[in-house]
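Have a look at coords27.cif; it's mmCIF, C-alpha atoms and all ligand atoms:
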data_start
loop_
_atom_site.label_atom_id
_atom_site.label_comp_id
_atom_site.auth_asym_id
_atom_site.auth_seq_id
_atom_site.Cartn_x
_atom_site.Cartn_y
_atom_site.Cartn_z
CA MET A 1 113.71 67.92 88.51
CA LEU A 2 116.38 70.36 87.39
CA ASP A 3 119.32 70.37 89.83
CA TYR A 4 122.19 70.91 87.43
CA VAL A 5 124.99 71.36 89.98
CA ASP A 6 123.79 68.67 92.38
CA LEU A 7 122.69 70.86 95.27
CA GLU A 8 120.71 67.88 96.54
CA ALA A 9 123.95 66.20 97.60
CA ASP A 10 124.30 68.75 100.41
CA LEU A 11 120.78 68.32 101.82
CA ASP A 12 120.40 66.47 105.10
CA ALA A 13 117.72 63.87 105.81
CA GLU A 14 115.27 66.35 107.31
CA GLU A 15 115.61 68.73 104.37
CA ARG A 16 114.96 65.88 101.91
CA LEU A 17 111.95 64.77 103.92
CA ILE A 18 110.42 68.26 103.88
CA ARG A 19 111.04 68.57 100.15
CA ASP A 20 109.43 65.20 99.47
CA THR A 21 106.49 65.90 101.77
CA ALA A 22 105.80 69.25 100.12
CA ARG A 23 106.20 67.80 96.62
CA GLU A 24 103.83 64.94 97.33
CA PHE A 25 101.25 67.26 98.93
CA VAL A 26 101.40 69.61 95.95
CA GLU A 27 101.17 66.85 93.32
CA GLU A 28 98.33 64.96 95.02
CA LYS A 29 96.26 67.67 96.62
CA VAL A 30 96.81 70.94 94.80
CA ARG A 31 98.14 70.58 91.28
CA PRO A 32 95.14 68.66 89.91
CA ASP A 33 92.75 71.57 90.61
CA ILE A 34 95.01 74.62 90.70
CA GLY A 35 94.12 75.73 87.15
CA ASP A 36 90.40 75.64 88.04
CA HIS A 37 91.00 77.58 91.26
CA TRP A 38 93.05 80.12 89.34
CA ILE A 39 90.30 80.66 86.77
CA ALA A 40 87.60 80.82 89.47
CA GLY A 41 89.67 83.18 91.63
CA THR A 42 89.48 80.89 94.67
CA PHE A 43 91.97 79.38 97.11
CA PRO A 44 91.65 75.72 98.20
CA THR A 45 90.69 76.73 101.75
CA GLU A 46 89.97 73.11 102.75
CA LEU A 47 93.76 72.53 102.63
CA ILE A 48 94.71 75.33 105.05
CA GLU A 49 94.63 73.11 108.15
CA GLU A 50 96.34 70.23 106.37
CA MET A 51 99.16 72.60 105.43
CA GLY A 52 99.40 73.37 109.15
CA GLU A 53 99.50 69.69 110.10
CA LEU A 54 102.35 69.22 107.63
CA GLY A 55 104.29 72.05 109.31
CA PHE A 56 104.18 74.53 106.41
CA TYR A 57 103.64 77.67 108.54
CA ALA A 58 106.79 79.21 110.07
CA PRO A 59 108.59 75.85 110.35
CA ASN A 60 111.89 77.71 110.91
CA LEU A 61 110.70 79.22 114.23
CA ASP A 62 111.22 77.50 117.57
CA GLY A 63 108.91 76.76 120.51
CA TYR A 64 105.09 76.76 120.45
CA ASP A 65 104.96 73.34 118.77
CA LEU A 66 106.74 74.70 115.68
CA PRO A 67 109.18 72.40 113.85
CA ASN A 68 112.31 74.64 114.09
CA VAL A 69 113.82 73.26 110.88
CA SER A 70 116.87 74.68 109.07
CA GLU A 71 116.60 77.76 106.87
CA THR A 72 117.46 75.52 103.92
CA ALA A 73 114.46 73.32 104.71
CA TYR A 74 112.28 76.44 104.94
CA GLY A 75 113.57 77.71 101.59
CA ILE A 76 113.02 74.35 99.91
CA LEU A 77 109.46 74.30 101.22
CA MET A 78 108.80 77.72 99.66
CA GLN A 79 110.35 76.48 96.40
CA GLU A 80 108.12 73.41 96.25
CA LEU A 81 104.94 75.37 97.07
CA GLU A 82 105.64 78.00 94.44
CA ALA A 83 106.49 75.32 91.88
CA CYS A 84 102.74 74.73 92.06
CA ASP A 85 101.47 78.30 92.32
CA SER A 86 102.69 81.61 93.76
CA GLY A 87 99.32 81.91 95.56
CA LEU A 88 100.00 78.71 97.51
CA ARG A 89 103.42 79.98 98.59
CA SER A 90 101.91 83.36 99.44
CA MET A 91 99.52 81.65 101.88
CA ALA A 92 102.46 80.09 103.75
CA SER A 93 104.64 83.23 103.51
CA VAL A 94 102.00 85.56 104.93
CA GLN A 95 100.97 83.21 107.72
CA GLY A 96 104.55 82.34 108.68
CA ALA A 97 106.87 85.22 107.83
CA LEU A 98 104.48 88.17 108.07
CA VAL A 99 102.18 87.21 110.95
CA MET A 100 103.73 84.46 113.10
CA TYR A 101 107.24 85.93 112.81
CA PRO A 102 106.33 89.37 114.31
CA ILE A 103 104.27 87.74 117.08
CA HIS A 104 107.19 85.37 117.79
CA SER A 105 109.81 88.16 117.70
CA TYR A 106 107.95 91.12 119.17
CA GLY A 107 104.87 89.72 120.92
CA SER A 108 104.11 89.33 124.64
CA GLU A 109 103.98 85.83 126.15
CA ALA A 110 100.18 86.09 126.24
CA GLN A 111 100.06 86.99 122.51
CA LYS A 112 102.40 84.11 121.63
CA ASP A 113 100.33 81.66 123.68
CA LYS A 114 97.11 82.87 122.12
CA TRP A 115 98.14 82.78 118.48
CA LEU A 116 101.28 80.81 117.58
CA GLU A 117 100.19 77.21 118.10
CA ALA A 118 96.76 77.82 116.61
CA MET A 119 98.28 79.56 113.58
CA GLY A 120 100.93 76.86 113.22
CA ARG A 121 98.12 74.29 112.96
CA GLY A 122 96.25 76.47 110.46
CA GLU A 123 93.24 76.74 112.78
CA LYS A 124 93.60 80.52 112.82
CA ILE A 125 94.55 82.60 109.78
CA GLY A 126 96.48 85.86 109.85
CA CYS A 127 97.12 88.73 107.46
CA PHE A 128 99.62 91.61 107.36
CA GLY A 129 98.36 95.14 106.84
CA LEU A 130 101.03 97.59 105.74
CA THR A 131 100.12 98.91 102.26
CA GLU A 132 97.53 101.68 101.97
CA PRO A 133 95.65 103.10 98.97
CA ASN A 134 97.97 106.16 98.85
CA HIS A 135 101.16 104.59 100.26
CA GLY A 136 102.67 101.47 98.70
CA SER A 137 106.40 101.76 98.02
CA ASN A 138 106.69 104.37 100.79
CA PRO A 139 104.78 102.81 103.69
CA SER A 140 106.44 105.14 106.23
CA ALA A 141 104.01 107.82 105.01
CA MET A 142 101.07 105.68 106.20
CA GLU A 143 97.90 107.44 107.38
CA THR A 144 96.45 104.64 109.54
CA HIS A 145 96.78 105.78 113.15
CA ALA A 146 95.99 104.93 116.74
CA GLU A 147 94.70 107.30 119.45
CA ALA A 148 94.66 106.52 123.19
CA ASP A 149 91.26 105.40 124.47
CA GLY A 150 90.89 104.39 128.12
CA ASP A 151 92.37 100.90 128.43
CA GLY A 152 93.73 100.81 124.87
CA TYR A 153 93.60 102.46 121.46
CA VAL A 154 91.19 103.44 118.71
CA LEU A 155 92.39 102.67 115.19
CA ASN A 156 91.34 104.40 111.97
CA GLY A 157 92.56 103.93 108.41
CA THR A 158 92.47 101.70 105.34
CA LYS A 159 94.93 99.00 104.28
CA THR A 160 94.74 97.59 100.78
CA TRP A 161 96.11 94.70 98.70
CA ILE A 162 96.14 92.54 101.81
CA THR A 163 96.68 88.84 101.11
CA ASN A 164 94.12 86.70 102.97
CA SER A 165 92.34 89.61 104.71
CA PRO A 166 88.85 88.29 103.79
CA LEU A 167 89.77 84.88 105.33
CA ALA A 168 91.73 86.14 108.33
CA ASP A 169 90.91 85.84 112.04
CA VAL A 170 93.55 88.40 112.95
CA ALA A 171 95.41 91.18 111.18
CA VAL A 172 98.80 92.56 112.13
CA VAL A 173 98.05 96.24 111.42
CA TRP A 174 100.94 98.71 111.28
CA ALA A 175 99.78 102.15 112.38
CA LYS A 176 101.20 105.43 113.66
CA ASP A 177 100.79 105.81 117.41
CA HIS A 178 99.55 109.37 117.89
CA THR A 179 99.83 109.04 121.66
CA SER A 180 103.65 109.12 121.47
CA GLU A 181 105.51 112.30 120.67
CA ASP A 182 107.02 111.43 117.27
CA ASP A 183 104.19 109.15 116.01
CA PRO A 184 106.16 105.88 115.92
CA VAL A 185 104.83 103.03 113.81
CA ARG A 186 103.58 100.17 116.03
CA GLY A 187 102.08 96.77 115.37
CA PHE A 188 98.50 96.07 116.54
CA LEU A 189 96.87 92.64 116.59
CA VAL A 190 93.35 93.33 115.35
CA GLU A 191 90.82 90.50 115.49
CA THR A 192 88.70 90.82 112.35
CA ASP A 193 85.42 90.32 114.26
CA ARG A 194 85.90 93.56 116.22
CA ASP A 195 83.32 96.32 115.70
CA GLY A 196 84.40 98.69 112.94
CA VAL A 197 86.56 96.16 110.99
CA GLU A 198 85.62 95.32 107.38
CA THR A 199 87.72 93.12 105.06
CA PRO A 200 86.20 93.41 101.57
CA LYS A 201 87.65 91.20 98.81
CA ILE A 202 89.39 92.70 95.78
CA ASP A 203 87.96 91.06 92.67
CA GLU A 204 89.01 91.02 89.02
CA LYS A 205 92.72 90.45 89.62
CA LEU A 206 94.51 89.14 86.52
CA SER A 207 97.44 87.83 88.60
CA LEU A 208 97.76 85.65 91.71
CA ARG A 209 94.16 84.59 91.14
CA ALA A 210 94.41 81.50 93.36
CA SER A 211 95.02 83.74 96.38
CA ILE A 212 92.42 85.81 98.20
CA THR A 213 93.27 89.51 98.43
CA GLY A 214 91.31 92.24 100.18
CA GLN A 215 91.31 95.45 102.14
CA ILE A 216 91.23 96.13 105.87
CA GLU A 217 88.94 99.06 106.68
CA LEU A 218 89.28 100.30 110.25
CA SER A 219 86.61 102.69 111.48
CA ASN A 220 86.98 103.64 115.17
CA VAL A 221 88.17 100.14 116.06
CA HIS A 222 88.93 99.73 119.75
CA VAL A 223 91.77 97.37 120.71
CA PRO A 224 92.99 96.86 124.28
CA GLU A 225 96.57 97.70 125.27
CA GLU A 226 97.41 93.97 125.38
CA ASN A 227 96.92 93.78 121.58
CA VAL A 228 99.92 96.02 120.87
CA LEU A 229 103.16 94.24 119.95
CA PRO A 230 105.36 95.40 122.84
CA GLY A 231 108.76 94.50 121.42
CA VAL A 232 109.19 96.89 118.48
CA GLU A 233 108.65 100.50 117.46
CA GLY A 234 109.24 102.25 114.14
CA MET A 235 109.56 100.92 110.57
CA LYS A 236 111.99 98.25 111.80
CA GLY A 237 108.87 96.25 112.78
CA PRO A 238 107.29 95.80 109.33
CA LEU A 239 110.61 95.91 107.46
CA SER A 240 112.10 93.04 109.48
CA CYS A 241 109.03 90.92 108.62
CA LEU A 242 109.44 91.80 104.95
CA THR A 243 113.07 90.62 105.03
CA GLN A 244 111.87 87.22 106.26
CA ALA A 245 109.17 87.00 103.59
CA ARG A 246 111.47 88.22 100.80
CA PHE A 247 113.94 85.48 101.67
CA GLY A 248 111.15 82.93 101.08
CA ILE A 249 110.12 84.65 97.85
CA ALA A 250 113.68 84.49 96.48
CA TRP A 251 113.51 80.71 97.00
CA GLY A 252 109.91 80.40 95.84
CA ALA A 253 110.46 82.17 92.52
CA VAL A 254 113.04 79.54 91.60
CA GLY A 255 110.33 76.92 92.09
CA ALA A 256 107.96 78.69 89.70
CA ALA A 257 110.73 78.97 87.09
CA ARG A 258 111.72 75.33 87.57
CA ASN A 259 108.17 74.18 86.96
CA CYS A 260 108.00 76.29 83.77
CA PHE A 261 111.29 74.74 82.62
CA GLU A 262 110.14 71.18 83.34
CA THR A 263 106.86 71.78 81.51
CA ALA A 264 108.68 73.22 78.49
CA ARG A 265 111.28 70.42 78.44
CA GLU A 266 108.59 67.73 78.50
CA TYR A 267 106.59 69.50 75.81
CA ALA A 268 109.68 69.90 73.63
CA THR A 269 110.32 66.15 73.64
CA ASP A 270 106.64 65.18 73.11
CA ARG A 271 105.56 67.68 70.49
CA ASP A 272 106.46 66.86 66.87
CA GLN A 273 106.69 69.39 64.05
CA PHE A 274 108.33 68.88 60.64
CA GLY A 275 108.45 65.16 61.50
CA LYS A 276 110.49 65.39 64.70
CA PRO A 277 110.27 66.67 68.27
CA ILE A 278 110.56 70.45 68.55
CA GLY A 279 113.26 69.79 71.17
CA SER A 280 115.52 68.55 68.37
CA PHE A 281 115.70 72.03 66.84
CA GLN A 282 118.64 74.19 67.90
CA LEU A 283 116.47 77.24 68.61
CA GLN A 284 114.44 75.31 71.21
CA GLN A 285 117.55 73.76 72.75
CA GLU A 286 119.05 77.22 73.21
CA LYS A 287 115.94 78.30 75.12
CA LEU A 288 116.16 75.28 77.41
CA ALA A 289 119.89 75.83 77.94
CA GLU A 290 119.32 79.47 78.88
CA MET A 291 116.43 78.62 81.20
CA ALA A 292 118.43 75.91 82.97
CA THR A 293 121.40 78.26 83.38
CA GLN A 294 119.31 81.10 84.79
CA ILE A 295 117.52 78.78 87.21
CA THR A 296 120.79 77.22 88.36
CA THR A 297 122.49 80.56 89.06
CA SER A 298 119.41 81.72 91.01
CA GLN A 299 119.45 78.48 93.02
CA LEU A 300 123.09 79.09 93.91
CA LEU A 301 122.30 82.61 95.10
CA VAL A 302 119.59 81.45 97.53
CA HIS A 303 121.72 78.58 98.82
CA ARG A 304 124.53 81.04 99.63
CA LEU A 305 122.08 83.48 101.25
CA THR A 306 120.78 80.65 103.38
CA GLU A 307 124.26 79.86 104.67
CA LEU A 308 124.62 83.51 105.68
CA LYS A 309 121.18 83.42 107.38
CA GLU A 310 122.04 80.25 109.30
CA ARG A 311 125.12 81.89 110.80
CA GLY A 312 123.33 85.20 111.49
CA ASP A 313 125.24 87.24 108.90
CA LEU A 314 122.51 87.87 106.32
CA ARG A 315 121.89 91.54 105.54
CA PRO A 316 118.52 92.87 104.23
CA GLU A 317 120.28 94.34 101.17
CA GLN A 318 121.48 90.86 100.20
CA VAL A 319 117.90 89.62 100.46
CA SER A 320 116.85 92.51 98.21
CA MET A 321 119.38 91.38 95.61
CA ALA A 322 118.05 87.81 95.63
CA LYS A 323 114.36 88.83 95.59
CA ARG A 324 115.04 91.25 92.73
CA ASN A 325 117.14 88.86 90.68
CA ASN A 326 115.22 85.64 91.17
CA VAL A 327 111.76 87.08 90.57
CA ARG A 328 112.92 88.86 87.42
CA MET A 329 114.54 85.61 86.30
CA ALA A 330 111.34 83.64 86.90
CA ARG A 331 109.18 86.27 85.20
CA ASP A 332 111.44 86.25 82.10
CA GLN A 333 111.81 82.47 81.92
CA SER A 334 108.09 81.77 82.38
CA ARG A 335 107.52 83.77 79.22
CA ILE A 336 110.07 81.75 77.26
CA ALA A 337 108.46 78.53 78.49
CA ARG A 338 105.03 79.80 77.43
CA GLU A 339 106.44 80.59 74.01
CA MET A 340 107.80 77.04 73.62
CA LEU A 341 104.33 75.62 74.19
CA GLY A 342 102.89 77.51 71.21
CA GLY A 343 99.10 77.93 71.30
CA ASN A 344 98.68 75.38 74.08
CA GLY A 345 100.86 77.65 76.19
CA ILE A 346 98.14 80.27 76.55
CA THR A 347 95.73 77.86 78.29
CA ALA A 348 95.35 76.96 81.96
CA ASP A 349 95.99 73.29 80.99
CA TYR A 350 99.70 74.10 81.26
CA SER A 351 101.39 76.05 84.06
CA PRO A 352 103.70 78.62 82.38
CA MET A 353 101.18 81.34 81.57
CA ARG A 354 99.58 81.00 85.03
CA HIS A 355 103.03 81.36 86.60
CA MET A 356 103.81 84.25 84.25
CA ALA A 357 100.68 86.15 85.32
CA ASN A 358 101.31 85.37 89.01
CA LEU A 359 104.88 86.60 88.78
CA GLU A 360 103.63 90.10 87.88
CA THR A 361 102.39 90.29 91.48
CA VAL A 362 105.53 88.72 92.91
CA TYR A 363 107.60 91.29 90.97
CA THR A 364 105.53 94.08 92.58
CA TYR A 365 104.80 93.00 96.13
CA GLU A 366 107.23 92.90 99.03
CA GLY A 367 109.10 95.82 97.48
CA THR A 368 108.90 96.35 93.73
CA HIS A 369 111.84 95.50 91.47
CA ASP A 370 112.58 99.26 91.29
CA ILE A 371 112.58 99.67 95.06
CA HIS A 372 115.03 96.78 95.47
CA SER A 373 117.28 98.45 92.86
CA LEU A 374 117.27 101.57 95.04
CA ILE A 375 117.99 99.59 98.21
CA ILE A 376 120.98 97.94 96.53
CA GLY A 377 122.06 101.27 94.99
CA HIS A 378 121.97 102.89 98.43
CA ASP A 379 124.06 100.05 99.84
CA LEU A 380 126.61 100.31 97.03
CA THR A 381 127.02 104.10 97.00
CA GLY A 382 125.92 105.22 100.46
CA ILE A 383 123.54 107.64 98.70
CA PRO A 384 119.77 107.11 99.09
CA ALA A 385 117.92 107.76 95.81
CA PHE A 386 114.37 107.22 97.04
CA GLN A 387 113.28 110.87 96.91
P1 LIG B 401 103.51 102.33 93.96
O1 LIG B 401 104.32 102.47 95.20
O2 LIG B 401 102.50 103.39 93.67
O3 LIG B 401 104.51 102.20 92.74
C1 LIG B 401 104.10 102.37 91.37
C2 LIG B 401 105.35 102.30 90.50
O4 LIG B 401 106.25 103.37 90.84
C3 LIG B 401 106.14 101.00 90.70
O5 LIG B 401 106.64 100.54 89.46
C4 LIG B 401 107.29 101.41 91.61
O6 LIG B 401 108.45 100.60 91.44
C5 LIG B 401 107.54 102.84 91.15
N1 LIG B 401 108.16 103.67 92.20
C6 LIG B 401 107.64 104.00 93.42
N2 LIG B 401 108.51 104.75 94.11
C7 LIG B 401 109.62 104.90 93.32
C8 LIG B 401 110.87 105.56 93.47
N3 LIG B 401 111.22 106.21 94.61
N4 LIG B 401 111.76 105.51 92.46
C9 LIG B 401 111.47 104.83 91.32
N5 LIG B 401 110.29 104.18 91.10
C10 LIG B 401 109.39 104.22 92.11
N6 LIG B 401 100.75 94.65 100.98
C11 LIG B 401 100.61 94.36 102.32
O7 LIG B 401 100.82 95.21 103.18
N7 LIG B 401 100.21 93.11 102.72
C12 LIG B 401 99.93 92.11 101.82
O8 LIG B 401 99.57 90.99 102.22
C13 LIG B 401 100.05 92.41 100.40
N8 LIG B 401 99.70 91.47 99.48
C14 LIG B 401 99.63 91.85 98.14
C15 LIG B 401 99.04 90.98 97.21
C16 LIG B 401 98.90 91.37 95.88
C17 LIG B 401 98.20 90.48 94.91
C18 LIG B 401 99.42 92.64 95.45
C19 LIG B 401 99.31 93.07 94.01
C20 LIG B 401 100.01 93.48 96.36
C21 LIG B 401 100.10 93.12 97.72
N9 LIG B 401 100.59 94.02 98.68
C22 LIG B 401 100.47 93.72 100.03
C23 LIG B 401 100.95 95.38 98.28
C24 LIG B 401 102.32 95.51 97.63
O9 LIG B 401 103.32 95.34 98.58
C25 LIG B 401 102.37 96.89 96.92
O10 LIG B 401 101.55 96.79 95.77
C26 LIG B 401 103.78 97.31 96.55
O11 LIG B 401 104.52 97.63 97.70
C27 LIG B 401 103.81 98.50 95.60
O12 LIG B 401 103.00 99.54 96.07
P2 LIG B 401 101.93 100.21 95.07
O13 LIG B 401 101.13 99.13 94.44
O14 LIG B 401 101.20 101.27 95.83
O15 LIG B 401 102.78 100.88 93.92
#

This structure in structure tokens:
Amino acid sequence: MLDYVDLEADLDAEERLIRDTAREFVEEKVRPDIGDHWIAGTFPTELIEEMGELGFYAPNLDGYDLPNVSETAYGILMQELEACDSGLRSMASVQGALVMYPIHSYGSEAQKDKWLEAMGRGEKIGCFGLTEPNHGSNPSAMETHAEADGDGYVLNGTKTWITNSPLADVAVVWAKDHTSEDDPVRGFLVETDRDGVETPKIDEKLSLRASITGQIELSNVHVPEENVLPGVEGMKGPLSCLTQARFGIAWGAVGAARNCFETAREYATDRDQFGKPIGSFQLQQEKLAEMATQITTSQLLVHRLTELKERGDLRPEQVSMAKRNNVRMARDQSRIAREMLGGNGITADYSPMRHMANLETVYTYEGTHDIHSLIIGHDLTGIPAFQ
């Protein structure tokens, strides 16, 4: 596997073990069928609990039977999962960074006891409802709202593009609390079997096909007061979750690019044209050299970010830079890898075009490339250019 500047030398025993466990799981259990799942538009749901047993959901959190591994180990896990498919990494990202993280950080003891161990084992599945049909890049304009109702709240609104909503037992729904004076955004834990909740699947996606995506329709849904996340108010709630998930995406995208590179390198040495391997031609070598360089510089960026995260110094704007750079890098390099495979490259027998299609979603979700440019621009100039 490409590791041009020997980053492996700095990994400790636990980090190597997690990498090897994830790699073995992916190669044995997922990679053989992932092309079929992608074409069918299905996720290998029978593996959800096994992923929990292996500690793939929020392993960097502590307590509640969670592994509490280093941020490097967490990043490497995301990298190995996405080397197989962005949909597989999305499953772990949503469950861990977008659902378990807010319950862990902002939940009551009762909420933590109810959900964290069960979600860590993959026995319960969560989803994260922020985006709405009319509000994607600007979620603070959300229309979903909560009104007081006796012992709790009544929720109304529609969330869309929600990873795993059709499979989920619980949704973290971000909604405006109309009972408070300035309508703060609050997080509500909404069990999907409550009256008035529908989670229809979105079909006909041409990207991230091996991941189930749906809506959350809330029609006069009653939730008791104890389902509100007590520890956070305002956009800080959802945005802090997104920072966690974007950190994992910055790592994961490198995995997708690395798998495209490895596939192209192998193909270039096996495939003969004009009486010799295509990898002996200078044009193909230049493509491999560029791919390896781009992947290596992206790896270095996430390793540095991880050091900052470990010592508590990581800023969201730095995560934006890594998400923006590494996903663009992976999207560009997957296309070069596809090109090197010629006609075979457009089939699901090889990974690059599947990765390339998936990366269109990864480029768009968790803040589009444009939105991360604006976040970095704001940080660099002090001038917000969003409106
Ligand atoms: P829009 O916000 O309408 O943007 C359209 C275009 O306009 C983009 O190119 C954007 O960059 C650009 N644009 C917008 N504003 C500006 C501006 N100020 N300046 C310059 N350009 C701008 N959401 C969840 O809440 N939970 C999930 O689990 C989830 N999973 C997803 C899974 C998939 C497969 C997909 C495709 C999306 C998912 N999303 C999820 C939603 C995702 O986060 C949004 O699609 C994303 O935030 C962009 O919103 P939008 O699609 O409404 O695009």

As AutoDock Vina command-line options, what would the box around ligand LIG 401 (chain B) look like: edges along x, y and z, 8 Å added on every side, centre and edge lengths in Å to one decimal?
--center_x 105.0 --center_y 98.3 --center_z 96.3 --size_x 29.6 --size_y 31.7 --size_z 29.7

Selection as a compact mmCIF listing (two decimals) with C-alpha atoms, keeping the file's coordinate frame: residues within 6 Å of ligand LIG 401 (chain B) by only C-alpha atoms and all ligand atoms:
# COMPACT_ATOMS: atom_id res chain seq x y z
CA PHE A 128 99.62 91.61 107.36
CA GLY A 129 98.36 95.14 106.84
CA LEU A 130 101.03 97.59 105.74
CA THR A 131 100.12 98.91 102.26
CA HIS A 135 101.16 104.59 100.26
CA GLY A 136 102.67 101.47 98.70
CA SER A 137 106.40 101.76 98.02
CA TRP A 161 96.11 94.70 98.70
CA ILE A 162 96.14 92.54 101.81
CA THR A 163 96.68 88.84 101.11
CA LEU A 208 97.76 85.65 91.71
CA THR A 361 102.39 90.29 91.48
CA THR A 364 105.53 94.08 92.58
CA TYR A 365 104.80 93.00 96.13
CA GLU A 366 107.23 92.90 99.03
CA GLY A 367 109.10 95.82 97.48
CA THR A 368 108.90 96.35 93.73
CA ASP A 370 112.58 99.26 91.29
CA ILE A 371 112.58 99.67 95.06
CA PHE A 386 114.37 107.22 97.04
CA GLN A 387 113.28 110.87 96.91

Using only C-alpha atoms, find the one residue out of A:Pro224, A:Gly231, A:Pro166, A:Gly214 that sits nearest to Val190 in chain A.
A:Pro224

For CA of Pro133 in chain A and CA of Lys159 in chain A, quote the distance in Å rounded to one decimal.
6.7 Å

Give the answer as one residue: which of A:His222, A:Arg246, A:Lys205, A:His355 has the shortest atom-to-atom distance to Cys84 in chain A, using only C-alpha atoms?
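Using only C-alpha atoms, the shortest distance to Cys84 in chain A belongs to A:His355.
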
Identify, on the basis of only C-alpha atoms, every residue whose closest approach to Trp174 in chain A does not exceed 9 Å; exclude the query and any residue fewer than 5 positions from it along the same chain; express the result as a PyMOL selection string.
chain A and resi 128-130+142+144-145+185-188+235+237-238

Please tabulate, as JSON lines, the residues of range 273-363 of chain A that come within 12 Å of range 10-32 of chain A, each with its closest pair of atoms and the distance in Å to one decimal, counting only C-alpha atoms and ordering rows by chain, then residue number upward.
{"residue": "A:His303", "atom": "CA", "partner": "A:Asp10", "partner_atom": "CA", "distance": 10.3}
{"residue": "A:Glu307", "atom": "CA", "partner": "A:Asp10", "partner_atom": "CA", "distance": 11.9}
{"residue": "A:Ala348", "atom": "CA", "partner": "A:Pro32", "partner_atom": "CA", "distance": 11.5}
{"residue": "A:Asp349", "atom": "CA", "partner": "A:Pro32", "partner_atom": "CA", "distance": 10.1}
{"residue": "A:Tyr350", "atom": "CA", "partner": "A:Arg31", "partner_atom": "CA", "distance": 10.7}
{"residue": "A:Ser351", "atom": "CA", "partner": "A:Arg31", "partner_atom": "CA", "distance": 9.6}

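Proximity to Ser108 in chain A was assessed for A:Thr306, A:Ser70, A:Asn227, A:Asn326 counting all atoms listed in the file; the smallest distance is recorded for A:Asn227.
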
Which of these residues is nearest to Thr160 in chain A, using all atoms listed in the file: A:Ile202, A:Ile249, A:Leu61, A:Ala210?
A:Ile202

Write out as a list in words which residues come within 12 Å of Gly342 in chain A when counting all atoms listed in the file, dropping same-chain ones fewer than 3 positions away.
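Everything that qualifies: Ala264, Tyr267, Ala268, Arg271, Gln273, Ile278, Gln284, Arg335, Ile336, Ala337, Arg338, Glu339, Gly345, Ile346, Thr347, Tyr350, Pro352 and Met353 of chain A.
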
Name the closest residue to Gly87 in chain A among the candidates A:Arg121, A:Arg194, A:Lys201, A:Arg209; distances are taken between atoms, counting all atoms listed in the file.
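Ranking A:Arg121, A:Arg194, A:Lys201, A:Arg209 by distance to Gly87 in chain A, first place goes to A:Arg209.
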
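Nearest-residue note for Glu143 in chain A: choosing from A:Ile295, A:Ala171, A:His178, A:Pro59, the minimum distance belongs to A:His178, counting all atoms listed in the file.
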
List as a list in words: which residues have an atom within 12 Å of (120.4, 71.1, 93.6), counting all atoms listed in the file?
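Protein, DNA and RNA residues close to (120.4, 71.1, 93.6): Met1, Leu2, Asp3, Tyr4, Val5, Asp6, Leu7, Glu8, Ala9, Asp10, Leu11, Arg16, Arg19, Thr72, Ile76, Gln79, Val254, Gly255, Arg258, Ala292, Ile295, Thr296, Thr297, Ser298, Gln299, Leu300, Leu301, Val302 and His303 of chain A.
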
Quick one, how far is CA of Thr192 in chain A from CA of Ile212 in chain A?
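That distance, rounded to one decimal, is 15.5 Å.
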
Residue rebuild result range 87-93 of chain A, N, CA, C and O atoms as a short mmCIF file (atom, residue, chain, number, x, y, z; two decimals), in the coordinates of the input:
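Okay, this is what ended up in out30.cif:
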data_model
loop_
_atom_site.label_atom_id
_atom_site.label_comp_id
_atom_site.auth_asym_id
_atom_site.auth_seq_id
_atom_site.Cartn_x
_atom_site.Cartn_y
_atom_site.Cartn_z
N GLY A 87 100.37 81.67 94.55
CA GLY A 87 99.32 81.91 95.56
C GLY A 87 99.45 80.95 96.73
O GLY A 87 99.20 81.32 97.89
N LEU A 88 99.83 79.71 96.44
CA LEU A 88 100.00 78.71 97.51
C LEU A 88 101.17 79.12 98.41
O LEU A 88 101.08 79.07 99.64
N ARG A 89 102.27 79.52 97.80
CA ARG A 89 103.42 79.98 98.59
C ARG A 89 103.09 81.26 99.36
O ARG A 89 103.50 81.42 100.51
N SER A 90 102.29 82.12 98.75
CA SER A 90 101.91 83.36 99.44
C SER A 90 101.14 83.05 100.72
O SER A 90 101.31 83.73 101.74
N MET A 91 100.27 82.04 100.68
CA MET A 91 99.52 81.65 101.88
C MET A 91 100.50 81.32 103.02
O MET A 91 100.36 81.82 104.14
N ALA A 92 101.50 80.50 102.72
CA ALA A 92 102.46 80.09 103.75
C ALA A 92 103.37 81.23 104.16
O ALA A 92 103.72 81.39 105.33
N SER A 93 103.75 82.09 103.20
CA SER A 93 104.64 83.23 103.51
C SER A 93 103.95 84.21 104.43
O SER A 93 104.56 84.70 105.39
#
